[in-house]
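Right, one structure below, let's go through it.
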2 protein chains.
Amino acid sequence: MAKPLDGLKVIDLTSAMSGPFCTMILADYGADVIKVEPPAGDQARTWGPLDEATGESEYFAIFNRDKKSVSINLKDPAGKAMLFELLQDADLLVENFKPGVTKKLGIDYEAVRAHNPSILYASASGFGQTGPLSHRPCYDIVAQAMSGILDLTGYPDQDPVKVGPCIIDHTTGLYLVIGILMALHHRDVTGEGQYIDVAMLDSAFSITENMPTYVARGHGVPQRRGCADPSITPFDCYRCKDGFLVIGIGNDALWETFCKTAGLEELLEDPRFTTNWDRTVNYTPDLKNAIAAWCAQHTKAEIEHLMDEAGIPCSPVMNMKEAMENPQIAARDMMVPTEHPLLGRVDVPGCVVKLSKTPGSVDAPAPLLGQNNRDVLGLSPEEEQALIEQGVLGK
Amino acid sequence: MAKPLDGLKVIDLTSAMSGPFCTMILADYGADVIKVEPPAGDQARTWGPLDEATGESEYFAIFNRDKKSVSINLKDPAGKAMLFELLQDADLLVENFKPGVTKKLGIDYEAVRAHNPSILYASASGFGQTGPLSHRPCYDIVAQAMSGILDLTGYPDQDPVKVGPCIIDHTTGLYLVIGILMALHHRDVTGEGQYIDVAMLDSAFSITENMPTYVARGHGVPQRRGCADPSITPFDCYRCKDGFLVIGIGNDALWETFCKTAGLEELLEDPRFTTNWDRTVNYTPDLKNAIAAWCAQHTKAEIEHLMDEAGIPCSPVMNMKEAMENPQIAARDMMVPTEHPLLGRVDVPGCVVKLSKTPGSVDAPAPLLGQNNRDVLGLSPEEEQALIEQGVLGK
């Protein structure tokens, strides 16, 4: 079956997480992604859990499926020449070095477009290529802290807490895909290439909902509120007999349905809880306690079943095992197997975007370091060996 | 200046958050987005904070800038005919009704492509168009709970907590943009339209880093760990004299630099902390306490300055006001003013993706309900008035 990015040649200089997540999506949807690694390999190849027998990283295996790997020393003139040879007919270069590094290596946008004027050149970085902080290094936790997300997450009477998984690395990768695809459409229409600059901080800041505008409009500094919503009630997490569960009741009709379903009709008579705004203002302690007391008498499954029948948004708080084993995840092909030559079976998250005519798919496991040196660079085994000995290619 | 999506005609049936966030990005980058609202308006027009004088929503104003609004009753045959008239030469329809609603309204993909075979048709929903849960309603908090993110966020000895802002609505919107742009590229090349299906649950599940694979490979059920990282140490949040701050030390060279910068050289001699993995295994209580004690003696600004000089990733935990007032945010045009006819000045988050030749920009405030009925639908004031009285258009 055709894929939407069939024929797109991508030279991928990214490492770690945000960049590889971007090029993973491009590869799943048909792009020919050639991952150019330093001779020591992408640092994510050392990230645990590592396979005991082979030292191979399953973390790396997730985000680099469907790609090829060549291991080139870009600090060596012969290695750099090989890169430019690959770039000659490439559609896209993607990198996530700290700003300034590509210039030092002589592979920045100016240098590359001199050889290939219509190329797209996409950079992800912590703070972007411009501005007073552009020189700083960044990790996901830093972008969470600087964007306000960390301060807004947690309970009001407890310390702030970061979001568990590295959601900003993911978000940055998604924006990078969007920038690339917008530039690709412009090139489809005009033939013109361009430069794409995406920052982790900007990406994090952009997913804080209405909070920046809330502050700018003079409403004060928003505070973290646990699982409760600032404008919709009840919209919270409750403890059941056997764990936690969330319920979201977004309007007055659902409120009536909920009270009748839960046998809490007396709440419908209470003038403090008539409208959504009444409920929001008067949520604690009585309304919250009434719902909490009801939930405490039931199991998660009992309440989920009742809410499903009633059409009320609800879910148990699933741990990662429960989340992964959800039949809906299987039905949507959101966990798919790969067969890795060293790790054996590695199940990885599938393709989110479902396209009716040109769907994505996971077809190949992540490459070993330099696995494609010979076929991509057109080398005989002897030539490859000589270049390894000269320090131009990795082993 | 040209924008990458200039000339793209989008019929936008979305409401609330995830869909409008998607079409906001399309509009910022040049698409002609015609928002088709029911006569009562998008529900987000009622989401607070509301302007006291006019009742206008600033929440709505953020995510609907750069769009046009027409208010059409799609349950009325004349209204539906108007929609199909608009769809005749449209490139894209976007909707986020619950699965099944477009079919009931007679505006599902099959019905629309019969009139416009090359159209792209994009749907966002809670659980997708397929699978055992597809009929269920969803909110951001439900997707956080069902994906495992909520359970993984919080402190180990405390209740789990949801991420403050509605990050899954945002992530879903980003995937929807990606699906649309991939399908657009395929159409650029082949002329062929198609259907795009994106689910909130899939989107949430896809940003849980390596956790699903971790479980699938038999490593057990991952637990929440506060701000600490499972594989990199020190990588945590610490209390300073005047608030919290995060530090991320990703390798042994940075560790040495950090200890020397902080005057904690004695830690370098301690064999429990030699490698990253040693530090991770032996983090609590001694290493964590040593760093916490040092941070407690300094202000956020003092430590941030030291870390910046030393090249160590670091940030104060900024509240939303501090985050918004960060000079880096200004330098990147990440807060930009709009002038709304009723609300006055509304500053909104800017465009994340920086494109050198075809940048996005925020050019117009959000439309009033039905503001563009006459120009978009080609009506005289008298015709518009008659259609309002017939219940075909909103007031």
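In the structure tokens, chains take letters A, B, ... by order of appearance, with residues numbered from 1 within each chain and ligands from 1 in the order shown.
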
> Do you know which residues are at most 8 Å from Ile178 in chain A counting only C-alpha atoms, after dropping those on the same chain fewer than 6 positions away, and could you put them as an NGL selection string?
Replying inline: :B and (174 or 177-178 or 181 or 353)

For the residues selected in the previous step, produce a file with C-alpha atoms as an mmCIF file, in the first residue's frame.
```
data_model
loop_
_atom_site.group_PDB
_atom_site.id
_atom_site.type_symbol
_atom_site.label_atom_id
_atom_site.label_comp_id
_atom_site.auth_asym_id
_atom_site.auth_seq_id
_atom_site.Cartn_x
_atom_site.Cartn_y
_atom_site.Cartn_z
ATOM 1 C CA LEU B 174 -1.073 18.393 16.677
ATOM 2 C CA VAL B 177 -2.499 18.710 11.772
ATOM 3 C CA ILE B 178 0.111 16.065 10.920
ATOM 4 C CA LEU B 181 -0.564 17.713 6.055
ATOM 5 C CA VAL B 353 7.064 26.499 14.134
#
```

>> So, with only C-alpha atoms as the atoms that count, which of B:Asp157, B:Glu209, B:Glu85, B:Glu95 lies closest to chain A?
In response: B:Glu209

>> Give me, as an MDAnalysis selection string, all polymer residues having an atom no more than 10 Å from range 259-264 of chain A, counting only C-alpha atoms and skipping those fewer than 4 positions away in the same chain.
In response: chainID A and resid 254:255 268:269 290:291 294:295 303 306:307 309:310 312

Restricted to N, CA and C atoms, what would the selected residues look like written as an mmCIF file, in the first residue's frame?
```
data_model
loop_
_atom_site.group_PDB
_atom_site.id
_atom_site.type_symbol
_atom_site.label_atom_id
_atom_site.label_comp_id
_atom_site.auth_asym_id
_atom_site.auth_seq_id
_atom_site.Cartn_x
_atom_site.Cartn_y
_atom_site.Cartn_z
ATOM 1 N N LEU A 254 -25.709 16.426 31.769
ATOM 2 C CA LEU A 254 -24.923 15.289 32.260
ATOM 3 C C LEU A 254 -24.977 15.212 33.783
ATOM 4 N N TRP A 255 -25.013 16.379 34.432
ATOM 5 C CA TRP A 255 -25.084 16.428 35.898
ATOM 6 C C TRP A 255 -26.342 15.735 36.401
ATOM 7 N N LEU A 268 -29.487 17.152 43.368
ATOM 8 C CA LEU A 268 -30.203 17.946 42.358
ATOM 9 C C LEU A 268 -31.097 18.995 43.010
ATOM 10 N N GLU A 269 -31.484 18.728 44.255
ATOM 11 C CA GLU A 269 -32.362 19.666 44.972
ATOM 12 C C GLU A 269 -31.567 20.809 45.623
ATOM 13 N N ALA A 290 -19.483 14.314 48.844
ATOM 14 C CA ALA A 290 -20.639 13.472 48.508
ATOM 15 C C ALA A 290 -20.283 12.500 47.379
ATOM 16 N N ILE A 291 -19.608 13.002 46.363
ATOM 17 C CA ILE A 291 -19.233 12.122 45.248
ATOM 18 C C ILE A 291 -18.157 11.135 45.699
ATOM 19 N N TRP A 294 -19.679 8.288 47.609
ATOM 20 C CA TRP A 294 -20.339 7.330 46.721
ATOM 21 C C TRP A 294 -19.302 6.441 46.017
ATOM 22 N N CYS A 295 -18.257 7.051 45.494
ATOM 23 C CA CYS A 295 -17.234 6.269 44.788
ATOM 24 C C CYS A 295 -16.577 5.253 45.718
ATOM 25 N N ILE A 303 -18.414 1.406 38.639
ATOM 26 C CA ILE A 303 -18.719 2.792 38.262
ATOM 27 C C ILE A 303 -18.505 2.997 36.762
ATOM 28 N N LEU A 306 -21.536 1.716 34.944
ATOM 29 C CA LEU A 306 -22.685 2.620 35.093
ATOM 30 C C LEU A 306 -22.528 3.874 34.230
ATOM 31 N N MET A 307 -21.340 4.462 34.257
ATOM 32 C CA MET A 307 -21.103 5.708 33.513
ATOM 33 C C MET A 307 -21.156 5.452 32.006
ATOM 34 N N GLU A 309 -22.951 3.196 30.458
ATOM 35 C CA GLU A 309 -24.379 3.077 30.122
ATOM 36 C C GLU A 309 -25.054 4.443 30.052
ATOM 37 N N ALA A 310 -24.627 5.330 30.934
ATOM 38 C CA ALA A 310 -25.267 6.644 31.024
ATOM 39 C C ALA A 310 -24.658 7.673 30.071
ATOM 40 N N ILE A 312 -21.602 9.039 30.327
ATOM 41 C CA ILE A 312 -20.814 10.038 31.076
ATOM 42 C C ILE A 312 -19.328 9.719 30.956
#
```

>> Between CA of Cys240 in chain B and CA of Lys300 in chain B, what is the distance in Å, rounded to a tenth?
In response: 6.0 Å

>> Using only C-alpha atoms, which protein or nucleic acid residues come within 7 Å of Phe127 in chain A? Drop anything in the same chain fewer than 2 positions from it, and give the result as a PyMOL selection string.
In response: chain A and resi 125+129+133-134+199-201

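Using only C-alpha atoms for every distance, the candidate list B:Leu86, B:Met24, B:Ala366, B:Met324 yields B:Met324 as the residue closest to Thr213 in chain A.
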
>> Could you list, as number ranges by chain, every residue within 12 Å of Gly128 in chain B, counting only C-alpha atoms and ignoring same-chain residues fewer than 5 positions away?
In response: A: 328-329, 331-334, 352-354; B: 96-100, 122-123, 133-138, 143, 172, 176, 196-203
